[in-house]
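Novice: To be precise about what I am sending: the file is called structure-v8.pdb and holds PDB, C-alpha atoms and all ligand atoms.
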```pdb
ATOM      1  CA  LEU A  56     132.809 118.086  51.128  1.00  0.00           C
ATOM      2  CA  HIS A  57     133.783 114.439  51.153  1.00  0.00           C
ATOM      3  CA  GLY A  58     132.275 112.052  48.661  1.00  0.00           C
ATOM      4  CA  TRP A  59     130.503 108.919  49.924  1.00  0.00           C
ATOM      5  CA  GLY A  60     133.419 106.732  49.003  1.00  0.00           C
ATOM      6  CA  GLU A  61     135.819 108.795  51.031  1.00  0.00           C
ATOM      7  CA  LYS A  62     133.599 108.900  54.089  1.00  0.00           C
ATOM      8  CA  HIS A  63     132.447 105.303  54.129  1.00  0.00           C
ATOM      9  CA  ALA A  64     135.264 103.341  52.573  1.00  0.00           C
ATOM     10  CA  ILE A  65     136.468 100.532  54.811  1.00  0.00           C
ATOM     11  CA  PRO A  66     139.900 101.519  56.054  1.00  0.00           C
ATOM     12  CA  PRO A  67     142.662  99.121  55.141  1.00  0.00           C
ATOM     13  CA  ARG A  68     143.651  96.615  57.775  1.00  0.00           C
ATOM     14  CA  VAL A  69     146.788  97.932  59.371  1.00  0.00           C
ATOM     15  CA  ARG A  70     148.970  95.739  61.532  1.00  0.00           C
ATOM     16  CA  PRO A  71     149.138  97.358  64.991  1.00  0.00           C
ATOM     17  CA  PRO A  72     152.644  98.485  65.886  1.00  0.00           C
ATOM     18  CA  ARG A  73     154.397  96.192  68.370  1.00  0.00           C
ATOM     19  CA  ASN A  74     154.692  98.943  70.971  1.00  0.00           C
ATOM     20  CA  GLY A  75     150.931  99.452  70.916  1.00  0.00           C
ATOM     21  CA  GLY A  76     151.344 102.848  69.247  1.00  0.00           C
ATOM     22  CA  VAL A  77     151.658 106.180  70.938  1.00  0.00           C
ATOM     23  CA  ALA A  78     149.198 108.710  69.635  1.00  0.00           C
ATOM     24  CA  GLY A  79     145.440 108.808  70.156  1.00  0.00           C
ATOM     25  CA  PRO A  80     142.807 106.204  70.952  1.00  0.00           C
ATOM     26  CA  ARG A  81     143.093 104.565  67.527  1.00  0.00           C
ATOM     27  CA  ALA A  82     146.845 104.287  67.765  1.00  0.00           C
ATOM     28  CA  GLY A  83     146.628 100.499  67.480  1.00  0.00           C
ATOM     29  CA  GLY A  84     145.610 101.019  63.882  1.00  0.00           C
ATOM     30  CA  SER A  85     142.411  99.019  64.321  1.00  0.00           C
ATOM     31  CA  PRO A  86     140.076  99.481  61.374  1.00  0.00           C
ATOM     32  CA  TYR A  87     137.121  99.004  63.671  1.00  0.00           C
ATOM     33  CA  CYS A  88     135.247 101.486  65.841  1.00  0.00           C
ATOM     34  CA  GLY A  89     136.196 101.953  69.448  1.00  0.00           C
ATOM     35  CA  PRO A  90     139.480 102.193  71.237  1.00  0.00           C
ATOM     36  CA  ALA A  91     142.532 100.345  70.079  1.00  0.00           C
ATOM     37  CA  PRO A  92     143.146  96.972  71.742  1.00  0.00           C
ATOM     38  CA  PRO A  93     145.308  97.232  74.836  1.00  0.00           C
ATOM     39  CA  SER A  94     148.935  96.256  74.518  1.00  0.00           C
ATOM     40  CA  ALA A  95     149.847  92.692  75.485  1.00  0.00           C
ATOM     41  CA  ALA A  96     151.205  93.813  78.858  1.00  0.00           C
ATOM     42  CA  ARG A  97     148.091  95.776  79.774  1.00  0.00           C
ATOM     43  CA  ARG A  98     145.848  93.052  78.467  1.00  0.00           C
ATOM     44  CA  ARG A  99     147.421  90.462  80.731  1.00  0.00           C
ATOM     45  CA  THR A 100     146.806  92.613  83.778  1.00  0.00           C
ATOM     46  CA  ARG A 101     143.275  93.472  82.841  1.00  0.00           C
ATOM     47  CA  ARG A 102     142.257  89.911  82.019  1.00  0.00           C
ATOM     48  CA  ARG A 103     143.275  88.707  85.446  1.00  0.00           C
ATOM     49  CA  LYS A 104     140.991  91.261  87.040  1.00  0.00           C
ATOM     50  CA  ASP A 105     137.990  91.168  84.779  1.00  0.00           C
ATOM     51  CA  GLY A 106     138.758  88.697  82.047  1.00  0.00           C
ATOM     52  CA  PRO A 107     136.721  86.072  80.251  1.00  0.00           C
ATOM     53  CA  HIS A 108     134.688  83.763  82.429  1.00  0.00           C
ATOM     54  CA  VAL A 109     136.661  80.683  83.363  1.00  0.00           C
ATOM     55  CA  SER A 110     134.641  77.731  84.531  1.00  0.00           C
ATOM     56  CA  THR A 111     135.948  76.456  87.845  1.00  0.00           C
ATOM     57  CA  SER A 112     134.137  73.113  87.714  1.00  0.00           C
ATOM     58  CA  ARG A 113     136.555  70.272  87.056  1.00  0.00           C
ATOM     59  CA  ALA A 114     134.532  67.127  86.467  1.00  0.00           C
ATOM     60  CA  THR A 115     131.394  66.908  84.370  1.00  0.00           C
ATOM     61  CA  PRO A 116     128.557  67.478  86.821  1.00  0.00           C
ATOM     62  CA  ALA A 117     125.862  64.847  87.089  1.00  0.00           C
ATOM     63  CA  PRO A 118     122.789  65.457  84.946  1.00  0.00           C
ATOM     64  CA  PRO A 119     119.727  66.793  86.719  1.00  0.00           C
ATOM     65  CA  SER A 120     117.470  64.065  88.085  1.00  0.00           C
ATOM     66  CA  PRO A 121     114.222  63.421  86.188  1.00  0.00           C
ATOM     67  CA  GLU A 122     112.380  65.246  88.997  1.00  0.00           C
ATOM     68  CA  THR A 123     114.636  68.292  88.764  1.00  0.00           C
ATOM     69  CA  ALA A 124     114.398  68.255  84.969  1.00  0.00           C
ATOM     70  CA  ALA A 125     110.593  68.111  85.132  1.00  0.00           C
ATOM     71  CA  ARG A 126     110.526  70.931  87.681  1.00  0.00           C
ATOM     72  CA  LEU A 127     112.808  73.038  85.491  1.00  0.00           C
ATOM     73  CA  LEU A 128     110.580  72.450  82.479  1.00  0.00           C
ATOM     74  CA  GLU A 129     107.634  73.636  84.531  1.00  0.00           C
ATOM     75  CA  HIS A 130     109.532  76.861  85.306  1.00  0.00           C
ATOM     76  CA  ALA A 131     110.257  77.263  81.598  1.00  0.00           C
ATOM     77  CA  ARG A 132     106.566  76.856  80.750  1.00  0.00           C
ATOM     78  CA  ARG A 133     105.700  79.522  83.296  1.00  0.00           C
ATOM     79  CA  ALA A 134     108.342  81.832  81.828  1.00  0.00           C
ATOM     80  CA  ARG A 135     106.958  81.216  78.355  1.00  0.00           C
ATOM     81  CA  ALA A 136     103.694  82.856  79.437  1.00  0.00           C
ATOM     82  CA  GLN A 137     105.619  86.181  79.480  1.00  0.00           C
ATOM     83  CA  ALA A 138     106.978  85.760  75.938  1.00  0.00           C
ATOM     84  CA  TYR A 139     106.627  88.735  73.623  1.00  0.00           C
ATOM     85  CA  ALA A 140     106.404  87.034  70.241  1.00  0.00           C
ATOM     86  CA  PRO A 141     103.778  88.829  68.146  1.00  0.00           C
ATOM     87  CA  TYR A 142     105.792  88.428  64.930  1.00  0.00           C
ATOM     88  CA  SER A 143     106.813  84.785  64.974  1.00  0.00           C
ATOM     89  CA  ARG A 144     103.906  83.660  67.167  1.00  0.00           C
ATOM     90  CA  PHE A 145     106.442  81.179  68.534  1.00  0.00           C
ATOM     91  CA  PRO A 146     106.666  81.771  72.279  1.00  0.00           C
ATOM     92  CA  VAL A 147     109.659  80.263  74.057  1.00  0.00           C
ATOM     93  CA  GLY A 148     110.387  79.927  77.762  1.00  0.00           C
ATOM     94  CA  ALA A 149     113.660  79.094  79.464  1.00  0.00           C
ATOM     95  CA  ALA A 150     114.680  78.327  83.025  1.00  0.00           C
ATOM     96  CA  LEU A 151     118.325  78.426  84.030  1.00  0.00           C
ATOM     97  CA  LEU A 152     119.332  76.391  87.081  1.00  0.00           C
ATOM     98  CA  THR A 153     122.222  78.081  88.859  1.00  0.00           C
ATOM     99  CA  GLU A 154     125.013  76.410  90.812  1.00  0.00           C
ATOM    100  CA  ASP A 155     123.318  77.267  94.109  1.00  0.00           C
ATOM    101  CA  GLY A 156     119.952  75.830  93.040  1.00  0.00           C
ATOM    102  CA  SER A 157     118.048  78.990  92.147  1.00  0.00           C
ATOM    103  CA  VAL A 158     116.120  79.260  88.906  1.00  0.00           C
ATOM    104  CA  VAL A 159     116.340  82.259  86.573  1.00  0.00           C
ATOM    105  CA  PRO A 160     113.557  82.556  83.989  1.00  0.00           C
ATOM    106  CA  GLY A 161     113.720  83.919  80.447  1.00  0.00           C
ATOM    107  CA  CYS A 162     111.349  84.340  77.521  1.00  0.00           C
ATOM    108  CA  ASN A 163     111.815  85.513  73.975  1.00  0.00           C
ATOM    109  CA  VAL A 164     111.406  89.238  73.380  1.00  0.00           C
ATOM    110  CA  GLU A 165     110.802  90.218  69.774  1.00  0.00           C
ATOM    111  CA  ASN A 166     110.892  93.558  68.003  1.00  0.00           C
ATOM    112  CA  ALA A 167     109.347  95.116  64.897  1.00  0.00           C
ATOM    113  CA  SER A 168     112.940  95.333  63.746  1.00  0.00           C
ATOM    114  CA  PHE A 169     113.153  91.545  63.601  1.00  0.00           C
ATOM    115  CA  SER A 170     116.878  91.113  64.061  1.00  0.00           C
ATOM    116  CA  LEU A 171     116.696  92.709  67.514  1.00  0.00           C
ATOM    117  CA  THR A 172     114.863  89.670  68.821  1.00  0.00           C
ATOM    118  CA  ASN A 173     116.220  88.177  72.015  1.00  0.00           C
ATOM    119  CA  CYS A 174     115.935  84.441  72.538  1.00  0.00           C
ATOM    120  CA  ALA A 175     114.544  83.099  75.802  1.00  0.00           C
ATOM    121  CA  GLU A 176     117.816  81.383  76.718  1.00  0.00           C
ATOM    122  CA  ARG A 177     119.913  84.507  76.319  1.00  0.00           C
ATOM    123  CA  VAL A 178     117.379  86.587  78.222  1.00  0.00           C
ATOM    124  CA  ALA A 179     117.676  84.120  81.118  1.00  0.00           C
ATOM    125  CA  LEU A 180     121.470  84.114  80.834  1.00  0.00           C
ATOM    126  CA  GLY A 181     121.726  87.906  80.773  1.00  0.00           C
ATOM    127  CA  SER A 182     119.363  88.196  83.692  1.00  0.00           C
ATOM    128  CA  ALA A 183     121.416  85.702  85.718  1.00  0.00           C
ATOM    129  CA  ILE A 184     124.664  87.490  84.922  1.00  0.00           C
ATOM    130  CA  ALA A 185     123.085  90.779  85.981  1.00  0.00           C
ATOM    131  CA  GLN A 186     122.201  89.134  89.305  1.00  0.00           C
ATOM    132  CA  GLY A 187     125.843  88.217  89.774  1.00  0.00           C
ATOM    133  CA  ARG A 188     125.355  84.509  89.040  1.00  0.00           C
ATOM    134  CA  ARG A 189     127.862  82.867  86.720  1.00  0.00           C
ATOM    135  CA  GLY A 190     127.740  79.172  87.534  1.00  0.00           C
ATOM    136  CA  PHE A 191     125.009  77.071  85.951  1.00  0.00           C
ATOM    137  CA  GLN A 192     123.953  73.434  86.086  1.00  0.00           C
ATOM    138  CA  ALA A 193     121.178  73.183  83.530  1.00  0.00           C
ATOM    139  CA  ILE A 194     118.775  75.073  81.324  1.00  0.00           C
ATOM    140  CA  ALA A 195     115.274  73.979  80.350  1.00  0.00           C
ATOM    141  CA  VAL A 196     113.747  75.234  77.111  1.00  0.00           C
ATOM    142  CA  VAL A 197     110.168  74.969  75.902  1.00  0.00           C
ATOM    143  CA  GLY A 198     108.693  76.177  72.653  1.00  0.00           C
ATOM    144  CA  PRO A 199     105.017  76.721  71.948  1.00  0.00           C
ATOM    145  CA  GLU A 200     104.038  73.106  72.610  1.00  0.00           C
ATOM    146  CA  ASP A 201     104.485  71.596  76.061  1.00  0.00           C
ATOM    147  CA  ASP A 202     105.617  68.215  74.778  1.00  0.00           C
ATOM    148  CA  VAL A 203     107.684  68.981  71.664  1.00  0.00           C
ATOM    149  CA  ALA A 204     111.410  69.662  72.020  1.00  0.00           C
ATOM    150  CA  THR A 205     112.770  73.044  70.942  1.00  0.00           C
ATOM    151  CA  ALA A 206     116.554  72.945  70.869  1.00  0.00           C
ATOM    152  CA  PRO A 207     118.466  76.160  71.609  1.00  0.00           C
ATOM    153  CA  CYS A 208     119.542  78.025  68.485  1.00  0.00           C
ATOM    154  CA  GLY A 209     123.214  78.181  67.549  1.00  0.00           C
ATOM    155  CA  SER A 210     123.731  81.650  69.001  1.00  0.00           C
ATOM    156  CA  CYS A 211     122.279  80.586  72.341  1.00  0.00           C
ATOM    157  CA  ARG A 212     124.459  77.476  72.421  1.00  0.00           C
ATOM    158  CA  GLN A 213     127.539  79.644  71.982  1.00  0.00           C
ATOM    159  CA  ALA A 214     126.337  82.210  74.543  1.00  0.00           C
ATOM    160  CA  LEU A 215     125.657  79.508  77.132  1.00  0.00           C
ATOM    161  CA  PHE A 216     128.979  77.798  76.409  1.00  0.00           C
ATOM    162  CA  GLU A 217     130.847  80.949  77.468  1.00  0.00           C
ATOM    163  CA  PHE A 218     129.719  80.503  81.050  1.00  0.00           C
ATOM    164  CA  ALA A 219     128.839  76.834  81.345  1.00  0.00           C
ATOM    165  CA  PRO A 220     130.530  74.431  78.916  1.00  0.00           C
ATOM    166  CA  GLU A 221     129.338  71.541  81.098  1.00  0.00           C
ATOM    167  CA  LEU A 222     125.712  72.703  81.091  1.00  0.00           C
ATOM    168  CA  TRP A 223     122.864  70.228  80.729  1.00  0.00           C
ATOM    169  CA  VAL A 224     120.076  71.177  78.323  1.00  0.00           C
ATOM    170  CA  VAL A 225     116.593  69.974  79.229  1.00  0.00           C
ATOM    171  CA  MET A 226     113.829  69.694  76.644  1.00  0.00           C
ATOM    172  CA  PRO A 227     110.456  67.999  76.625  1.00  0.00           C
ATOM    173  CA  GLY A 228     110.709  64.339  75.584  1.00  0.00           C
ATOM    174  CA  SER A 229     108.118  61.772  74.630  1.00  0.00           C
ATOM    175  CA  ASP A 230     107.909  60.164  78.106  1.00  0.00           C
ATOM    176  CA  ALA A 231     110.486  61.790  80.351  1.00  0.00           C
ATOM    177  CA  PRO A 232     112.373  65.079  79.836  1.00  0.00           C
ATOM    178  CA  ARG A 233     115.265  64.866  77.373  1.00  0.00           C
ATOM    179  CA  VAL A 234     118.573  65.859  78.965  1.00  0.00           C
ATOM    180  CA  VAL A 235     121.501  66.565  76.631  1.00  0.00           C
ATOM    181  CA  PRO A 236     125.005  67.951  77.324  1.00  0.00           C
ATOM    182  CA  LEU A 237     125.590  71.369  75.771  1.00  0.00           C
ATOM    183  CA  ARG A 238     128.914  70.061  74.425  1.00  0.00           C
ATOM    184  CA  GLU A 239     126.991  67.553  72.340  1.00  0.00           C
ATOM    185  CA  LEU A 240     124.907  70.367  70.838  1.00  0.00           C
ATOM    186  CA  LEU A 241     128.009  72.471  70.156  1.00  0.00           C
ATOM    187  CA  PRO A 242     130.874  70.187  69.155  1.00  0.00           C
ATOM    188  CA  GLY A 243     134.191  71.900  68.499  1.00  0.00           C
ATOM    189  CA  ALA A 244     133.038  75.069  70.227  1.00  0.00           C
ATOM    190  CA  PHE A 245     134.983  78.290  69.836  1.00  0.00           C
ATOM    191  CA  ASP A 246     136.080  79.551  73.219  1.00  0.00           C
ATOM    192  CA  ALA A 247     138.166  82.138  75.074  1.00  0.00           C
ATOM    193  CA  GLN A 248     141.155  79.790  75.242  1.00  0.00           C
ATOM    194  CA  ARG A 249     141.335  79.541  71.456  1.00  0.00           C
ATOM    195  CA  LEU A 250     140.998  83.299  71.247  1.00  0.00           C
ATOM    196  CA  GLU A 251     143.871  83.789  73.668  1.00  0.00           C
ATOM    197  CA  GLU A 252     146.100  81.330  71.765  1.00  0.00           C
ATOM    198  CA  GLY A 253     145.569  83.066  68.466  1.00  0.00           C
ATOM    199  CA  ALA A 254     145.325  86.696  69.545  1.00  0.00           C
ATOM    200  CA  ARG A 255     148.054  88.826  68.026  1.00  0.00           C
ATOM    201  CA  PRO A 256     150.291  90.693  70.452  1.00  0.00           C
TER     202      PRO A 256
HETATM  203  N1  LIG B 301     113.770  81.452  69.879  1.00  0.00           N
HETATM  204  C1  LIG B 301     114.187  81.347  71.178  1.00  0.00           C
HETATM  205  O1  LIG B 301     113.717  82.093  72.042  1.00  0.00           O
HETATM  206  N2  LIG B 301     115.135  80.439  71.476  1.00  0.00           N
HETATM  207  C2  LIG B 301     115.698  79.588  70.586  1.00  0.00           C
HETATM  208  O2  LIG B 301     116.664  78.917  70.895  1.00  0.00           O
HETATM  209  C3  LIG B 301     115.108  79.462  69.255  1.00  0.00           C
HETATM  210  C4  LIG B 301     114.315  80.647  68.815  1.00  0.00           C
HETATM  211  C5  LIG B 301     112.757  82.460  69.535  1.00  0.00           C
HETATM  212  C6  LIG B 301     113.306  83.620  68.775  1.00  0.00           C
HETATM  213  C7  LIG B 301     112.069  84.110  68.071  1.00  0.00           C
HETATM  214  O3  LIG B 301     111.399  85.008  68.921  1.00  0.00           O
HETATM  215  C8  LIG B 301     111.224  82.883  67.877  1.00  0.00           C
HETATM  216  O4  LIG B 301     111.753  81.894  68.746  1.00  0.00           O
HETATM  217  C9  LIG B 301     111.211  82.354  66.475  1.00  0.00           C
HETATM  218  O5  LIG B 301     112.465  82.220  65.987  1.00  0.00           O
END
```
Have the structure of the file written as structure tokens, please.
Ligand code: THU

Specialist:
Amino acid sequence: LHGWGEKHAIPPRVRPPRNGGVAGPRAGGSPYCGPAPPSAARRRTRRRKDGPHVSTSRATPAPPSPETAARLLEHARRARAQAYAPYSRFPVGAALLTEDGSVVPGCNVENASFSLTNCAERVALGSAIAQGRRGFQAIAVVGPEDDVATAPCGSCRQALFEFAPELWVVMPGSDAPRVVPLRELLPGAFDAQRLEEGARP
């Protein structure tokens, strides 16, 4: 029998061999679960085929018009009606405006195991990705009150940034909707490019 320490001790961090190793799925020496990272050569090939999302938009797109922003907020309010938030009692609705003008709704979905909660924005994002949509213009977010801004949480900012660094975030404002660039909400964002630069061979 193994003692707890033996079974659960965190394995030491081992530098993967340059040749990617030869034996077994953990040949890369990764201390983490799952298969070893692919070798640099394989990784290059795979990334081209199914790599990180790369935004193809060049210039910063124009912000949504006040009419579009108001319409998007209305979609977010409608989505909020589906929120499952019995624990926080803080329903949130989101509406993601895709490149081609369709709107994908999201609402928060909580769980008795609190940390499993899904935010409205990431529900909308995941739903859009599952529909095969990866280009986005704007997202509207509403919390429990129709006229009080609820800014996306840090995790949602990062999740949205992956697909749409030039996204516009729409929130209720005092008179007109408030429209803010995602980049302003997430300065110095971590992204796939930085990951690629620093990734060990
Ligand atoms: N929530 C969102 O849905 N989006 C955010 O950006 C902020 C927080 C949800 C998560 C949780 O269900 C509730 O609001 C309270 O944190």

Novice: Specify the axis-aligned box that encloses all atoms of stretch 185-199 of chain A listed in the file after padding of 3 Å on each side, stating its centre and edge lengths in Å to one decimal as AutoDock Vina command-line options.

Specialist:
```
--center_x 116.4 --center_y 82.0 --center_z 80.9 --size_x 28.8 --size_y 23.6 --size_z 23.8
```

Novice: Between A:Ala140, A:Val224, A:Ala254, A:Ala131, which one has atoms that come closest to ligand LIG 301 (chain B), using all atoms listed in the file?

Specialist: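 Going through A:Ala140, A:Val224, A:Ala254, A:Ala131 one by one, the smallest distance to ligand LIG 301 (chain B) is for A:Ala140.
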
Novice: Could you list, as a PyMOL selection string, all the residues within 9 Å of ligand LIG 301 (chain B), counting all atoms listed in the file?

Specialist: chain A and resi 138-149+161-166+169+172-178+196-198+205-212

Novice: What is the distance between atom CA of A:Ser229 and atom CA of A:Gly243, in Å to one decimal?

Specialist: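 Separation of atom CA of A:Ser229 and atom CA of A:Gly243: 28.6 Å.
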
Novice: Using all atoms listed in the file, which of A:Asp155, A:Asp202, A:Leu241, A:Val234 sits nearest A:Glu129?

Specialist: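 For A:Glu129, the nearest of the given residues is A:Asp202.
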
Novice: Set the distance at 10 Å and use all atoms listed in the file: which residues neighbour stretch 186-189 of chain A once local chain neighbours fewer than 3 positions away are removed? I'd like the list as a ChimeraX atom specification.

Specialist: /A:108-110,153-155,157,159,180-183,217-219

Novice: Please compute the atom CA of A:Pro160-atom CA of A:Ala134 distance, one decimal, in Å.

Specialist: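 Atom CA of A:Pro160 sits 5.7 Å away from atom CA of A:Ala134.
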
Novice: Around the point (108.7, 65.0, 84.4), in the coordinates given by the file, pick out the residues reaching within 10 Å, counting all atoms listed in the file, and return them as number ranges by chain.

Specialist: A: 120-129, 227-228, 230-233

Novice: Give the answer as one residue: which of A:Glu221, A:Phe245, A:Pro107, A:Leu171 has the shortest atom-to-atom distance to A:Gly190, using all atoms listed in the file?

Specialist: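 Closest candidate: A:Glu221.
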
Novice: How far is it from atom CA of A:Ser168 to atom CA of A:Arg135, in Å with one decimal?

Specialist: 21.2 Å

Novice: Would you please work out which residue, of A:Glu200, A:Glu239, A:Asp246, A:Glu252, is nearest to A:Ala136 when using all atoms listed in the file?

Specialist: A:Glu200
